[in-house]
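As structure tokens, the structure follows; a few thoughts come after it.
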Amino acid sequence: MNSSFCYNVTIMFRFLVFLFTILFISSNTGAQESDDIALRVSERDGFVRIVFESQRDSQIARSKIFASHTLVKVDFPESFSLKEHSIPSSVSLSIKERSLYLRIKNLDKIKEFKLASPPRLVIDAFLKGYKPPEITVGKKSLRSIMLDAGHGGHDSGIRVRKHKESAITLSLTKSLASSIKSSFKKIYLTREDSNTMSLKERISVIQSSGPDIFLSFHLSNANYFALYTGIPFSEYSLNDRDYNTAFSLLKHKDKSKALARSMGTAFRSVFNTEILYREMPLPLLSYANAPSVLIELPGADFLAYDGKTLSMIANAVSVGLSNYGKR
Ligand SMILES: [Zn+2]
């Protein structure tokens with residue numbers, strides 16, 4: 001009994017040694033394959049964001065970053081092969097074994113952070129002369145606004161009896177434009193007539209005007225106001241265009257939410273109805289590159305949409321904008 005127990009322990013021990021040897025060899029060969037690291041660099045207003053993405057947690061978790069003058073060095077613990085996406089001319093790149101060197105023109109300082117799933121290392125490089133975006137939106141900084149009347153032309157949106165969503169949103173943006181005239185240097189409308197306007201046309205109008213605030217108006221069939229702010233389709237997409245719009249959405253996320261809250265509070269005090277706040281990946285809001293809210297007004301069964309109602313809505317929006325500006 002006793003000797004057979006010893007014998008069993010010996011067998012067990014040999015088996016364990018064998019098992020560890022196998023594990024050791026396989027983990028070692030694993031480490032010899034090089035890891036694909038995706039590199040994305042985007043530059044905007046004196047600020048460069050550098051993102052390394054790997055499928056291996058350890059590659060990112062154990063990476064080390066050093067910065068001196070205009071050089072940033074990143075040491076990765078394992079060998080890798082780099083897949084880089086368009087890199088701006090202000091950044092030059094070289095690789096030596098497991099180290100990657102980024103030379104950044106006019107580099108002032110860097111800030112780094114690591115994100116999970118997928119593992120990412122983000123380095124924000126601030127260039128000399130970089131002015132951080134204003135934190136408080138004082139009234140003076142609200143120089144321009146763009147009002148978007150949803151739908152139009154062939155696309156009438158929701159129809160309830162004689163009411164067309166496209167016509168209501170157009171009357172509203174026009175009446176709103178005249179009631180907020182004194183508060184803004186410039187008021188843009190995405191459309192001023194009842195012609196059809198595609199999403200692509202709207203996006204190009206928004207981008208060429210570059211407003212400080214963007215509001216889009218729609219109607220629902222519901223009895224409440226719904227206020228939508230944008231969220232990215234994918235926060236760190238490998239597609240450069242998606243990545244840039246996601247980046248601009250995230251930049252304005254908090255301000256957009258504050259703007260929505262301010263609008264919602266004004267709507268509630270004027271109409272005494274329920275207000276819903278929602279986040280949605282809406283393309284228009286992603287392209288605005290400014291604090292943006294899509295406002296869905298109650299259906300025509302719940303609001304009369306005569307001249308008086310339109311001016312009440314316009315009044316609530318202007319109160320909401322002014323309270324947002326005073327924060
Ligand atoms: Zn609509």
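In the structure tokens, chains take letters A, B, ... by order of appearance, with residues numbered from 1 within each chain and ligands from 1 in the order shown.
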query = Leaving out region 185-190 of chain A and any residue of its chain fewer than 4 positions from it, which residues lie within 10 Å of it when counting only C-alpha atoms, given as a PyMOL selection string?
reply = chain A and resi 140+142-150+170+173-174+176-178+180-181+197+201-206+209-216
task = Determine, counting only C-alpha atoms, which protein, DNA and RNA residues have an atom within 12 Å of an atom of Asp57 (chain A); residues of the same chain fewer than 5 positions away are not included. Present the result as a list in words.
result = Asp35, Ile37, Phe52, Arg62, Ser63, Phe76, Pro77, Glu78, Lys114, Leu115, Ala116, Ser117, Pro118, Pro119, Arg120 and Leu121 of chain A
Export N, CA and C atoms of the chosen residues as a compact mmCIF listing (two decimals), in the first residue's frame?
```
# COMPACT_ATOMS: atom_id res chain seq x y z
N ASP A 35 3.62 39.77 -32.92
CA ASP A 35 2.24 40.23 -32.70
C ASP A 35 1.97 41.37 -33.68
N ILE A 37 0.58 44.81 -34.31
CA ILE A 37 0.12 45.99 -33.58
C ILE A 37 -0.37 47.00 -34.60
N PHE A 52 -2.06 52.61 -30.18
CA PHE A 52 -1.54 51.30 -30.51
C PHE A 52 -2.56 50.27 -30.07
N ARG A 62 2.37 45.75 -20.49
CA ARG A 62 3.78 45.84 -20.08
C ARG A 62 4.59 46.78 -20.98
N SER A 63 3.93 47.52 -21.84
CA SER A 63 4.67 48.47 -22.68
C SER A 63 5.12 49.65 -21.82
N PHE A 76 7.98 47.64 -26.32
CA PHE A 76 7.01 46.56 -26.15
C PHE A 76 7.73 45.33 -25.60
N PRO A 77 7.08 44.53 -24.76
CA PRO A 77 7.75 43.37 -24.16
C PRO A 77 8.01 42.24 -25.16
N GLU A 78 7.20 42.18 -26.22
CA GLU A 78 7.37 41.09 -27.20
C GLU A 78 7.59 41.68 -28.58
N LYS A 114 -3.99 53.53 -20.86
CA LYS A 114 -4.20 52.22 -21.47
C LYS A 114 -5.67 51.83 -21.35
N LEU A 115 -6.18 51.22 -22.40
CA LEU A 115 -7.58 50.81 -22.43
C LEU A 115 -7.67 49.31 -22.69
N ALA A 116 -8.77 48.70 -22.25
CA ALA A 116 -8.94 47.26 -22.44
C ALA A 116 -9.95 46.97 -23.54
N SER A 117 -10.01 45.73 -23.95
CA SER A 117 -10.94 45.14 -24.94
C SER A 117 -11.35 46.03 -26.11
N PRO A 118 -10.56 46.07 -27.18
CA PRO A 118 -9.25 45.43 -27.32
C PRO A 118 -8.16 46.24 -26.60
N PRO A 119 -7.07 45.56 -26.20
CA PRO A 119 -6.01 46.27 -25.47
C PRO A 119 -5.42 47.41 -26.31
N ARG A 120 -5.40 48.60 -25.77
CA ARG A 120 -4.88 49.75 -26.49
C ARG A 120 -4.00 50.63 -25.60
N LEU A 121 -3.00 51.18 -26.21
CA LEU A 121 -2.17 52.18 -25.55
C LEU A 121 -2.42 53.49 -26.29
```
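Computed from the coordinates, the CA of Arg103 (chain A) to CA of Leu82 (chain A) distance equals 16.4 Å.
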For region 157-205 of chain A versus region 288-310 of chain A, which residues have an atom no more than 9 Å away, and what is each residue's nearest atom pair and distance in Å rounded to one decimal, using only C-alpha atoms, chain-then-number order, as a Markdown table?
```
| residue | atom | partner | partner_atom | distance |
| --- | --- | --- | --- | --- |
| A:Ile158 | CA | A:Gly299 | CA | 8.6 |
| A:Arg159 | CA | A:Ala300 | CA | 8.5 |
| A:Val160 | CA | A:Ala300 | CA | 6.3 |
| A:Arg161 | CA | A:Ala300 | CA | 8.6 |
| A:His163 | CA | A:Ala300 | CA | 6.9 |
| A:Lys164 | CA | A:Ala300 | CA | 8.9 |
| A:Glu165 | CA | A:Ala300 | CA | 8.7 |
| A:Ile168 | CA | A:Tyr305 | CA | 7.2 |
| A:Ser171 | CA | A:Leu310 | CA | 7.7 |
| A:Leu172 | CA | A:Leu310 | CA | 5.8 |
| A:Ser175 | CA | A:Leu310 | CA | 7.4 |
| A:Leu176 | CA | A:Leu310 | CA | 8.4 |
| A:Ile203 | CA | A:Ala288 | CA | 7.7 |
```
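Neighbouring residues of Thr196 (chain A) at 7 Å or closer, counting only C-alpha atoms and skipping chain neighbours under 4 positions away, are Gly152, Gly153, His154 and Asp155 of chain A.
For the atom pair formed by atom 1 (Zn, counted along the ligand's line) of ligand 1 and CA of Gly230 (chain A), the distance is 15.8 Å, given to one decimal.
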For the contact check between chain A and ligand 1, emit one row per residue of chain A within 6 Å, containing the shortest atom pair and the distance in Å rounded to one decimal, counting only C-alpha atoms and all ligand atoms, chain then rising number order, as a Markdown table.
```
| residue | atom | partner | partner_atom_place_in_ligand_line | distance |
| --- | --- | --- | --- | --- |
| A:Gly150 | CA | ligand 1 | 1 (Zn) | 5.5 |
| A:Gly157 | CA | ligand 1 | 1 (Zn) | 5.2 |
| A:His218 | CA | ligand 1 | 1 (Zn) | 4.3 |
| A:Leu219 | CA | ligand 1 | 1 (Zn) | 5.4 |
```
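Each of A:Ser68, A:Arg56, A:Thr273, A:Ser42 was compared to Ser89 (chain A) using only C-alpha atoms, and A:Ser42 turns out to be the nearest.
Counting from CA of Ala222 (chain A), the distance to CA of Leu284 (chain A) is 22.1 Å.
You can rank A:Thr70, A:Asn106, A:Ser34, A:Ser198 by their closest distance to Phe47 (chain A) using only C-alpha atoms, and at the top of that list sits A:Asn106.
For region 45-116 of chain A, the set of residues given helix (DSSP H, G or I) by DSSP on the backbone reads Asp57, Ser58, Gln59, Ile60 and Ala61 of chain A.
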If you keep C-alpha atoms, can you produce a file of those selected residues as a CSV table (one decimal), in the first residue's frame?
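Produced file again.csv, reproduced below:
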```csv
chain,number,residue,atom,x,y,z
A,57,ASP,CA,-3.0,42.1,-23.2
A,58,SER,CA,0.6,41.8,-22.0
A,59,GLN,CA,1.9,43.6,-25.0
A,60,ILE,CA,0.0,46.7,-24.0
A,61,ALA,CA,0.0,46.3,-20.3
```
ask   = Can you tell me, as a PyMOL selection string, what residues are no more than 12 Å from Gly129 (chain A) when counting only C-alpha atoms, ignoring any on the same chain fewer than 5 positions away?
value = chain A and resi 45-47+106-109
Go ahead and write the selection's residues with N, CA and C atoms as a PDB file, in the first residue's frame.
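Below you can see again.pdb, which holds the result:
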```
ATOM      1  N   ASP A  45      -5.880  70.434 -34.388  1.00  0.00           N
ATOM      2  CA  ASP A  45      -5.689  71.639 -33.580  1.00  0.00           C
ATOM      3  C   ASP A  45      -4.579  71.516 -32.532  1.00  0.00           C
ATOM      4  N   GLY A  46      -3.386  71.277 -32.958  1.00  0.00           N
ATOM      5  CA  GLY A  46      -2.261  71.273 -32.027  1.00  0.00           C
ATOM      6  C   GLY A  46      -2.237  70.116 -31.059  1.00  0.00           C
ATOM      7  N   PHE A  47      -2.835  69.021 -31.489  1.00  0.00           N
ATOM      8  CA  PHE A  47      -2.962  67.866 -30.607  1.00  0.00           C
ATOM      9  C   PHE A  47      -2.893  66.604 -31.459  1.00  0.00           C
ATOM     10  N   ASN A 106       7.410  69.851 -32.802  1.00  0.00           N
ATOM     11  CA  ASN A 106       6.882  70.807 -31.810  1.00  0.00           C
ATOM     12  C   ASN A 106       6.230  70.133 -30.604  1.00  0.00           C
ATOM     13  N   LEU A 107       6.705  68.950 -30.252  1.00  0.00           N
ATOM     14  CA  LEU A 107       6.102  68.260 -29.105  1.00  0.00           C
ATOM     15  C   LEU A 107       6.341  69.045 -27.825  1.00  0.00           C
ATOM     16  N   ASP A 108       5.279  69.229 -27.057  1.00  0.00           N
ATOM     17  CA  ASP A 108       5.397  69.921 -25.781  1.00  0.00           C
ATOM     18  C   ASP A 108       5.403  68.886 -24.670  1.00  0.00           C
ATOM     19  N   LYS A 109       4.302  68.138 -24.538  1.00  0.00           N
ATOM     20  CA  LYS A 109       4.246  67.093 -23.507  1.00  0.00           C
ATOM     21  C   LYS A 109       3.294  65.978 -23.949  1.00  0.00           C
TER      22      LYS A 109
END
```
